Amino acid sequence: MRLLITGGAGFIGSHLAEWALVQGADVVVLDAFASNYDPALKQANVELLRLRAARASGSFRFVRGDVRNGELLDRLFARHRFTHVAHLAALPGVRPSLAEPRRYLEANVGGTVALFEAIRRHPGTVRRVVVASSSSVYGAQPGPWREDMPPAPLSPYAASKAAAEQYALTYQRLLGIGVSCLRYFTVYGPRQRPDMAIARFTARALAGQPIPVFGDIQSRRDYTEVGDVVRGTWAALLEPGTGFEIYNLGSGGPFTLQQLIAALGRVLHRPIALDLQPPAPGDAPATWADIGRARERLGYEPRVSLEQGLARYVAWVRWHHQWAQGRPGLSAGGRSRRSGD
Ligand code: NAD
């Protein structure tokens, strides 16, 4: 497999790159460092990824650039003749998309179109493309959510993901290659984006500060450990055929915020104080994946329980904190300007 991962310097993409290298793929990561959050932390992730990748094999290349840059894509496709593409490059985050809807449209929809156009200009090599989508496309519908339910976005971010799915379907028909959209559900784990709830909660709890909780503490989320998401994404990349598919990659068992915070307290061995805040616009009251289709067709089976996943994440935060000591500007928690997934 010659694999292009767009957004591969990000949280999920960097784990996918490591996994793909271990599986024997040649991997090119294309990333613009476009995220809103702590550039020093992002740089640290890339550094780690590079070291790890170099140790694992000589089959890794990192290219800094924008997925909307057609000339750059042409050079990459001509040189590497990719057989598979994982398109993860996007601006994530529900709440900031309310402030910058056009930026989200241009990066998430424009980036998807630019990528498929490049594949169109280089026919004959790419067999399958997987596109990172999001549970947020389901909006506030009652769960469990099945892939055949109509999208009902509540934020520009969710709308950009729903639109990207439609473009993915369109290009699957135009190009006759296999395309799968993967609806990720609140992914967490080592190197996770510092704006996400579990990262912010952990950083504050470790600092002995109360955790801000927006809205209903009984609201539910389908938290998915990044290792499970990577295994599901890999299975989707390996699928044969030229069809179009959508898969929920979640845990299939939602937890309330209260249960999440209680589990984090158990992992950290300390009580956690709460700072209750009004609900944030754009957030779904609950997310809940029906993972039957991914189970049946991809052999997807989430293996990591919430408590195991939190323990793994906390261990990484502690290790990273130590690693970052002596590297000016790096910190374990990062400085958050965003939230949501
Ligand atoms: P992330 O921000 O860590 O990674 C995204 C990467 O894409 C970043 O490194 C960013 O620099 C890069 N990027 C953005 N725009 C780009 C562009 N125009 N050109 C090149 N690179 C660009 O986010 P993540 O959590 O790893 O998410 C990966 C994907 O999964 C995203 O598409 C996101 O929308 C989706 N997703 C994530 C979650 C989650 O819980 N983390 C949930 C649902 C969907």
# chains A, B, ... in the order shown; residues from 1 in each chain; ligands from 1
>>> closest_atom_pairs(of="chain A", to="ligand 1", cutoff="7 Å", atoms="only C-alpha atoms and all ligand atoms", output="tab-separated table")
residue	atom	partner	partner_atom_place_in_ligand_line	distance
A:Thr6	CA	ligand 1	21 (N)	5.9
A:Gly7	CA	ligand 1	7 (O)	3.4
A:Gly8	CA	ligand 1	9 (O)	6.1
A:Ala9	CA	ligand 1	9 (O)	4.5
A:Gly10	CA	ligand 1	3 (O)	3.4
A:Phe11	CA	ligand 1	26 (O)	3.6
A:Ile12	CA	ligand 1	26 (O)	3.8
A:Gly13	CA	ligand 1	26 (O)	5.6
A:Leu30	CA	ligand 1	20 (C)	6.0
A:Asp31	CA	ligand 1	21 (N)	3.7
A:Ala32	CA	ligand 1	21 (N)	4.0
A:Phe33	CA	ligand 1	11 (O)	3.3
A:Ala34	CA	ligand 1	11 (O)	3.7
A:Ser35	CA	ligand 1	11 (O)	4.7
A:Gly65	CA	ligand 1	20 (C)	5.8
A:Asp66	CA	ligand 1	19 (N)	3.5
A:Val67	CA	ligand 1	19 (N)	4.0
A:Arg68	CA	ligand 1	18 (N)	5.9
A:Leu88	CA	ligand 1	32 (O)	4.2
A:Ala89	CA	ligand 1	7 (O)	3.4
A:Ala90	CA	ligand 1	14 (C)	4.0
A:Leu91	CA	ligand 1	14 (C)	5.0
A:Pro92	CA	ligand 1	34 (O)	4.2
A:Ala107	CA	ligand 1	18 (N)	4.9
A:Gly111	CA	ligand 1	18 (N)	5.7
A:Ala132	CA	ligand 1	32 (O)	4.8
A:Ser133	CA	ligand 1	44 (C)	5.2
A:Ser134	CA	ligand 1	43 (C)	3.9
A:Ser135	CA	ligand 1	43 (C)	6.0
A:Arg183	CA	ligand 1	43 (C)	6.3
A:Tyr184	CA	ligand 1	43 (C)	4.2
A:Phe185	CA	ligand 1	42 (C)	5.1
A:Thr186	CA	ligand 1	40 (O)	3.6
A:Val187	CA	ligand 1	40 (O)	3.6
A:Tyr188	CA	ligand 1	40 (O)	6.4
A:Gln192	CA	ligand 1	25 (O)	6.8
A:Arg193	CA	ligand 1	3 (O)	5.3
A:Asp341	CA	ligand 1	40 (O)	4.7
>>> write_last_selection(atoms="C-alpha atoms", output="mmCIF file, in the first residue's frame")
data_model
loop_
_atom_site.group_PDB
_atom_site.id
_atom_site.type_symbol
_atom_site.label_atom_id
_atom_site.label_comp_id
_atom_site.auth_asym_id
_atom_site.auth_seq_id
_atom_site.Cartn_x
_atom_site.Cartn_y
_atom_site.Cartn_z
ATOM 1 C CA THR A 6 -3.944 14.264 4.675
ATOM 2 C CA GLY A 7 -4.013 15.852 8.111
ATOM 3 C CA GLY A 8 -1.608 13.150 9.239
ATOM 4 C CA ALA A 9 0.216 15.400 11.693
ATOM 5 C CA GLY A 10 -3.033 15.678 13.640
ATOM 6 C CA PHE A 11 -4.263 13.570 16.502
ATOM 7 C CA ILE A 12 -5.955 10.690 14.666
ATOM 8 C CA GLY A 13 -3.803 10.937 11.531
ATOM 9 C CA LEU A 30 0.491 15.973 4.098
ATOM 10 C CA ASP A 31 -0.353 18.553 6.739
ATOM 11 C CA ALA A 32 -0.579 22.351 6.794
ATOM 12 C CA PHE A 33 -0.433 22.745 10.605
ATOM 13 C CA ALA A 34 -3.731 24.518 10.140
ATOM 14 C CA SER A 35 -5.139 23.964 13.616
ATOM 15 C CA GLY A 65 1.405 21.863 2.705
ATOM 16 C CA ASP A 66 -2.265 22.562 2.121
ATOM 17 C CA VAL A 67 -4.560 19.929 0.665
ATOM 18 C CA ARG A 68 -6.123 22.693 -1.452
ATOM 19 C CA LEU A 88 -8.352 13.483 7.572
ATOM 20 C CA ALA A 89 -7.305 17.096 6.934
ATOM 21 C CA ALA A 90 -10.007 19.376 8.280
ATOM 22 C CA LEU A 91 -10.701 22.075 10.767
ATOM 23 C CA PRO A 92 -12.393 20.177 13.606
ATOM 24 C CA ALA A 107 -10.986 23.916 4.502
ATOM 25 C CA GLY A 111 -10.123 20.544 0.770
ATOM 26 C CA ALA A 132 -13.047 11.392 7.967
ATOM 27 C CA SER A 133 -16.592 12.419 8.761
ATOM 28 C CA SER A 134 -18.235 13.015 12.104
ATOM 29 C CA SER A 135 -21.033 11.901 14.404
ATOM 30 C CA ARG A 183 -18.223 8.977 11.050
ATOM 31 C CA TYR A 184 -15.944 9.225 14.074
ATOM 32 C CA PHE A 185 -17.483 9.549 17.538
ATOM 33 C CA THR A 186 -15.628 11.710 20.134
ATOM 34 C CA VAL A 187 -12.192 10.178 19.714
ATOM 35 C CA TYR A 188 -9.749 10.405 22.612
ATOM 36 C CA GLN A 192 -5.415 14.123 21.566
ATOM 37 C CA ARG A 193 -6.377 17.637 20.582
ATOM 38 C CA ASP A 341 -15.372 17.388 18.136
#
>>> select_by_dssp(residues="range 123-237 of chain A", states="strand (DSSP E)", output="PyMOL selection string")
chain A and resi 128-134+178-184+187-188+211-214+220-221+224-225
>>> closest_residue(among="A:Ile177, A:Leu237, A:Leu169, A:Ala197", to="Arg127 in chain A", atoms="only C-alpha atoms")
A:Ile177
>>> atom_distance(atom1="CA of Arg266 in chain A", atom2="CA of Val213 in chain A")
18.2 Å
>>> closest_residue(among="A:Leu98, A:Tyr104, A:Ala152, A:Ala168", to="Glu117 in chain A", atoms="only C-alpha atoms")
A:Ala168
>>> atom_distance(atom1="CA of Ile211 in chain A", atom2="CA of Ala284 in chain A")
19.6 Å
>>> residues_around(residues="Pro144 in chain A", least_positions_apart="5", cutoff="10 Å", atoms="only C-alpha atoms", output="PyMOL selection string")
chain A and resi 252-254+286-291
>>> atom_distance(atom1="CA of Gln166 in chain A", atom2="CA of Glu239 in chain A")
20.2 Å
>>> residues_around(residues="Leu264 in chain A", least_positions_apart="2", cutoff="12 Å", atoms="only C-alpha atoms", output="ChimeraX atom specification")
/A:197-206,211,257-262,266-273,306-314
>>> closest_residue(among="A:His87, A:Pro150, A:Asn108, A:Phe214", to="Leu274 in chain A", atoms="only C-alpha atoms")
A:Phe214
>>> closest_residue(among="A:Gly189, A:Gly292, A:Gly110, A:Gly70", to="Ile246 in chain A", atoms="only C-alpha atoms")
A:Gly292
>>> residues_around(residues="Gly176 in chain A", least_positions_apart="4", cutoff="8 Å", atoms="only C-alpha atoms", output="number ranges by chain")
A: 171-172, 242-243
>>> closest_residue(among="A:Val63, A:Leu4, A:Ala162, A:Val28", to="Ile119 in chain A", atoms="only C-alpha atoms")
A:Leu4
>>> residues_around(residues="Val230 in chain A", least_positions_apart="4", cutoff="9 Å", atoms="only C-alpha atoms", output="list of chain:residue names")
A:Ile12, A:Gly13, A:His15, A:Leu16, A:Trp19, A:Glu225, A:Val226, A:Trp234, A:Ala235
>>> residues_around(residues="Gly124 in chain A", least_positions_apart="3", cutoff="12 Å", atoms="only C-alpha atoms", output="list in words")
Phe77, Ala78, Arg81, Phe82, Thr83, His84, Ile119, Arg120, Arg121, Arg127, Arg128, Leu175, Gly176 and Ile177 of chain A
>>> closest_residue(among="A:Thr224, A:Arg303, A:Arg293, A:Asp283", to="Tyr138 in chain A", atoms="only C-alpha atoms")
A:Asp283
>>> select_by_dssp(residues="range 77-296 of chain A", states="helix (DSSP H, G or I)", output="PyMOL selection string")
chain A and resi 77-80+94-99+101-121+135-138+156-175+197-206+226-238+257-268+292-296
